[in-house]
Amino acid sequence: MAEESRPIGMSLPLPVLLGLAWLVPGLGHVLLNRRLRAAVFFVVVMVGFLLGIVLDGELMIPRAGDPLSYLATIASLGNGLLFFVARAVGLGQGVVTAAAYEFGNTFLLTAGMMNLLLVLDTHDIATGKKDW
Amino acid sequence: MLDHLSLMVTHALLIAVFFSFLWKRETGERWRYFLKVFGALVVGAIVLGWVMYPFPHS
């Protein structure tokens, strides 16, 4: 009878595992052998992020005199690698006059917050607080 | 195609799927939780929209 192998994620230092979980949605769960949930999370976050981009949403960066932009930046950065790639290729600049601008923002911020929750979930699994 | 109602329903769908898989372990309870969250978001938004309907927007 084959024994279930120890997940790769368990042999990584926790900060590295959490960093990887943040960079790519679902990667933390893949490394902890939660493949079905990883696939679902990846698709959900990707769809949310891509819809946000298509709808002319804005990947927020801090703006002087706008305290809420700092909170929005944290949520946007939650998208991990997607944030940096999109910004690097000029996407996610936000078109304020677009009809769906606010919807786009909502999708982008939601995707980022969901990915941050995935990092916390990865932490709970890796530290044994959650056994599934 | 991407009218506000469709976008709101799509958003509710993503949220409901996400939290069903994040917080629930068994398939049955995931389905129940999904329907509860999805229904609450969609119906709640429509009800809220009608509640705000009489108020002027300017």
# chains A, B, ... in the order shown; residues from 1 in each chain; ligands from 1

$ interface_residues --of "chain A" --to "chain B" --cutoff "8 Å" --atoms "only C-alpha atoms" --output "list in words"
Arg37, Val40, Phe41, Val44, Gly48, Phe103, Phe107, Met114, Asp121 and Trp132 of chain A

$ closest_residue --among "A:Glu58, A:Pro25, A:Met46, A:Leu120" --to "Thr97 of chain A" --atoms "only C-alpha atoms"
A:Glu58

$ select_by_dssp --residues "chain B" --states "alpha helix (DSSP H)" --output "number ranges by chain"
B: 4-23, 27-52

$ write_last_selection --atoms "N, CA and C atoms" --output "compact mmCIF listing (two decimals), in the first residue's frame"
# COMPACT_ATOMS: atom_id res chain seq x y z
N HIS B 4 -25.26 45.72 -15.49
CA HIS B 4 -24.96 45.74 -14.06
C HIS B 4 -25.49 44.52 -13.33
N LEU B 5 -26.69 44.05 -13.72
CA LEU B 5 -27.24 42.87 -13.04
C LEU B 5 -26.36 41.65 -13.29
N SER B 6 -25.94 41.46 -14.54
CA SER B 6 -25.08 40.30 -14.87
C SER B 6 -23.77 40.38 -14.09
N LEU B 7 -23.20 41.57 -14.01
CA LEU B 7 -21.93 41.72 -13.28
C LEU B 7 -22.12 41.45 -11.79
N MET B 8 -23.23 41.92 -11.26
CA MET B 8 -23.50 41.68 -9.83
C MET B 8 -23.69 40.20 -9.57
N VAL B 9 -24.42 39.52 -10.46
CA VAL B 9 -24.63 38.07 -10.29
C VAL B 9 -23.30 37.32 -10.44
N THR B 10 -22.47 37.74 -11.41
CA THR B 10 -21.16 37.10 -11.59
C THR B 10 -20.29 37.28 -10.34
N HIS B 11 -20.31 38.47 -9.80
CA HIS B 11 -19.54 38.75 -8.59
C HIS B 11 -20.03 37.89 -7.42
N ALA B 12 -21.35 37.80 -7.27
CA ALA B 12 -21.92 36.97 -6.21
C ALA B 12 -21.54 35.51 -6.40
N LEU B 13 -21.52 35.08 -7.65
CA LEU B 13 -21.16 33.68 -7.95
C LEU B 13 -19.72 33.39 -7.52
N LEU B 14 -18.81 34.28 -7.88
CA LEU B 14 -17.39 34.09 -7.51
C LEU B 14 -17.22 34.06 -5.99
N ILE B 15 -17.86 34.99 -5.32
CA ILE B 15 -17.75 35.06 -3.85
C ILE B 15 -18.30 33.78 -3.21
N ALA B 16 -19.46 33.36 -3.69
CA ALA B 16 -20.11 32.20 -3.09
C ALA B 16 -19.28 30.92 -3.30
N VAL B 17 -18.75 30.75 -4.50
CA VAL B 17 -17.90 29.58 -4.77
C VAL B 17 -16.66 29.62 -3.88
N PHE B 18 -16.04 30.79 -3.81
CA PHE B 18 -14.81 30.93 -3.05
C PHE B 18 -15.01 30.54 -1.58
N PHE B 19 -16.02 31.13 -0.95
CA PHE B 19 -16.21 30.87 0.49
C PHE B 19 -16.75 29.46 0.76
N SER B 20 -17.47 28.90 -0.20
CA SER B 20 -17.93 27.51 -0.03
C SER B 20 -16.73 26.58 0.08
N PHE B 21 -15.73 26.81 -0.76
CA PHE B 21 -14.55 25.93 -0.75
C PHE B 21 -13.57 26.30 0.36
N LEU B 22 -13.61 27.57 0.78
CA LEU B 22 -12.69 27.99 1.85
C LEU B 22 -13.15 27.50 3.21
N TRP B 23 -14.46 27.53 3.45
CA TRP B 23 -14.96 27.30 4.80
C TRP B 23 -15.66 25.97 4.99
N THR B 27 -19.00 18.01 0.34
CA THR B 27 -19.69 18.50 -0.86
C THR B 27 -21.09 19.02 -0.54
N GLY B 28 -21.83 18.26 0.27
CA GLY B 28 -23.20 18.66 0.59
C GLY B 28 -23.27 19.99 1.29
N GLU B 29 -22.40 20.17 2.28
CA GLU B 29 -22.45 21.44 3.02
C GLU B 29 -21.92 22.59 2.16
N ARG B 30 -21.03 22.26 1.23
CA ARG B 30 -20.56 23.31 0.31
C ARG B 30 -21.72 23.82 -0.55
N TRP B 31 -22.52 22.88 -1.07
CA TRP B 31 -23.65 23.27 -1.91
C TRP B 31 -24.64 24.12 -1.12
N ARG B 32 -24.94 23.68 0.09
CA ARG B 32 -25.90 24.44 0.91
C ARG B 32 -25.38 25.84 1.20
N TYR B 33 -24.10 25.90 1.54
CA TYR B 33 -23.50 27.21 1.87
C TYR B 33 -23.44 28.10 0.62
N PHE B 34 -23.09 27.48 -0.51
CA PHE B 34 -23.05 28.23 -1.76
C PHE B 34 -24.41 28.86 -2.06
N LEU B 35 -25.47 28.06 -1.99
CA LEU B 35 -26.80 28.56 -2.31
C LEU B 35 -27.23 29.66 -1.34
N LYS B 36 -26.85 29.48 -0.07
CA LYS B 36 -27.20 30.47 0.94
C LYS B 36 -26.49 31.81 0.65
N VAL B 37 -25.20 31.75 0.41
CA VAL B 37 -24.43 32.99 0.18
C VAL B 37 -24.84 33.65 -1.14
N PHE B 38 -24.93 32.83 -2.19
CA PHE B 38 -25.30 33.36 -3.50
C PHE B 38 -26.69 34.00 -3.44
N GLY B 39 -27.62 33.31 -2.83
CA GLY B 39 -28.98 33.84 -2.71
C GLY B 39 -29.01 35.13 -1.91
N ALA B 40 -28.28 35.12 -0.79
CA ALA B 40 -28.28 36.32 0.07
C ALA B 40 -27.71 37.52 -0.67
N LEU B 41 -26.63 37.31 -1.42
CA LEU B 41 -26.00 38.42 -2.14
C LEU B 41 -26.91 38.96 -3.24
N VAL B 42 -27.46 38.05 -4.05
CA VAL B 42 -28.28 38.49 -5.19
C VAL B 42 -29.61 39.08 -4.72
N VAL B 43 -30.32 38.33 -3.89
CA VAL B 43 -31.63 38.81 -3.42
C VAL B 43 -31.44 40.07 -2.57
N GLY B 44 -30.41 40.06 -1.72
CA GLY B 44 -30.14 41.22 -0.87
C GLY B 44 -29.88 42.47 -1.69
N ALA B 45 -29.10 42.34 -2.75
CA ALA B 45 -28.79 43.51 -3.59
C ALA B 45 -30.04 44.03 -4.29
N ILE B 46 -30.88 43.11 -4.76
CA ILE B 46 -32.10 43.54 -5.45
C ILE B 46 -33.06 44.21 -4.47
N VAL B 47 -33.20 43.62 -3.29
CA VAL B 47 -34.08 44.21 -2.28
C VAL B 47 -33.56 45.60 -1.89
N LEU B 48 -32.26 45.70 -1.68
CA LEU B 48 -31.66 46.99 -1.31
C LEU B 48 -31.90 48.03 -2.41
N GLY B 49 -31.78 47.58 -3.66
CA GLY B 49 -32.02 48.47 -4.79
C GLY B 49 -33.44 49.02 -4.77
N TRP B 50 -34.43 48.15 -4.48
CA TRP B 50 -35.82 48.61 -4.42
C TRP B 50 -36.06 49.49 -3.22
N VAL B 51 -35.40 49.19 -2.11
CA VAL B 51 -35.57 50.03 -0.91
C VAL B 51 -35.07 51.44 -1.20
N MET B 52 -33.99 51.54 -1.98
CA MET B 52 -33.44 52.87 -2.28
C MET B 52 -34.15 53.58 -3.41

$ atom_distance --atom1 "atom CA of Ala100 of chain A" --atom2 "atom CA of Leu55 of chain A"
5.5 Å

$ residues_around --residues "Arg34 of chain A" --least-positions-apart "5" --cutoff "10 Å" --atoms "only C-alpha atoms" --output "ChimeraX atom specification"
/A:7,26-29,39,122,125,132

$ residues_around --residues "Val16 of chain A" --least-positions-apart "2" --cutoff "12 Å" --atoms "only C-alpha atoms" --output "compact mmCIF listing (two decimals) with N, CA and C atoms, in the first residue's frame"
# COMPACT_ATOMS: atom_id res chain seq x y z
N ILE A 8 5.17 18.92 -0.48
CA ILE A 8 6.39 19.72 -0.67
C ILE A 8 6.35 20.96 0.22
N GLY A 9 5.16 21.53 0.33
CA GLY A 9 5.02 22.77 1.10
C GLY A 9 5.43 22.63 2.55
N MET A 10 5.30 21.42 3.09
CA MET A 10 5.64 21.20 4.50
C MET A 10 7.15 21.27 4.75
N SER A 11 7.93 21.04 3.68
CA SER A 11 9.38 21.09 3.86
C SER A 11 9.94 22.49 3.59
N LEU A 12 9.08 23.40 3.15
CA LEU A 12 9.53 24.78 2.90
C LEU A 12 9.41 25.60 4.19
N PRO A 13 10.29 26.58 4.37
CA PRO A 13 10.10 27.51 5.49
C PRO A 13 8.75 28.21 5.33
N LEU A 14 8.07 28.42 6.44
CA LEU A 14 6.71 28.99 6.37
C LEU A 14 6.64 30.31 5.61
N LEU A 18 4.27 30.93 2.37
CA LEU A 18 3.25 31.99 2.35
C LEU A 18 3.51 32.98 1.22
N GLY A 19 4.80 33.24 0.96
CA GLY A 19 5.15 34.12 -0.15
C GLY A 19 4.71 33.53 -1.49
N LEU A 20 4.93 32.26 -1.66
CA LEU A 20 4.51 31.60 -2.90
C LEU A 20 2.99 31.59 -3.02
N ALA A 21 2.32 31.37 -1.88
CA ALA A 21 0.85 31.36 -1.88
C ALA A 21 0.32 32.73 -2.28
N TRP A 22 1.02 33.77 -1.88
CA TRP A 22 0.60 35.13 -2.24
C TRP A 22 0.87 35.42 -3.72
N LEU A 23 2.04 34.98 -4.21
CA LEU A 23 2.42 35.30 -5.59
C LEU A 23 1.46 34.70 -6.60
N LEU A 27 -1.36 28.45 -5.27
CA LEU A 27 -0.09 27.72 -5.25
C LEU A 27 0.20 27.14 -3.87
N GLY A 28 -0.14 27.88 -2.83
CA GLY A 28 0.06 27.37 -1.47
C GLY A 28 -0.70 26.07 -1.25
N LEU A 31 0.96 23.16 -3.13
CA LEU A 31 2.15 22.67 -2.42
C LEU A 31 1.80 21.89 -1.17
N VAL A 119 -3.79 33.05 1.53
CA VAL A 119 -2.50 33.00 2.24
C VAL A 119 -2.74 32.61 3.70
N THR A 122 -3.56 28.98 3.83
CA THR A 122 -2.32 28.20 3.67
C THR A 122 -1.57 28.12 4.99
N HIS A 123 -1.51 29.26 5.69
CA HIS A 123 -0.85 29.29 7.00
C HIS A 123 -1.52 28.32 7.97
N ALA A 126 -0.67 24.74 6.99
CA ALA A 126 0.75 24.41 7.21
C ALA A 126 1.08 24.28 8.69

$ atom_distance --atom1 "atom CA of Leu108 of chain A" --atom2 "atom CA of Asp66 of chain A"
18.7 Å
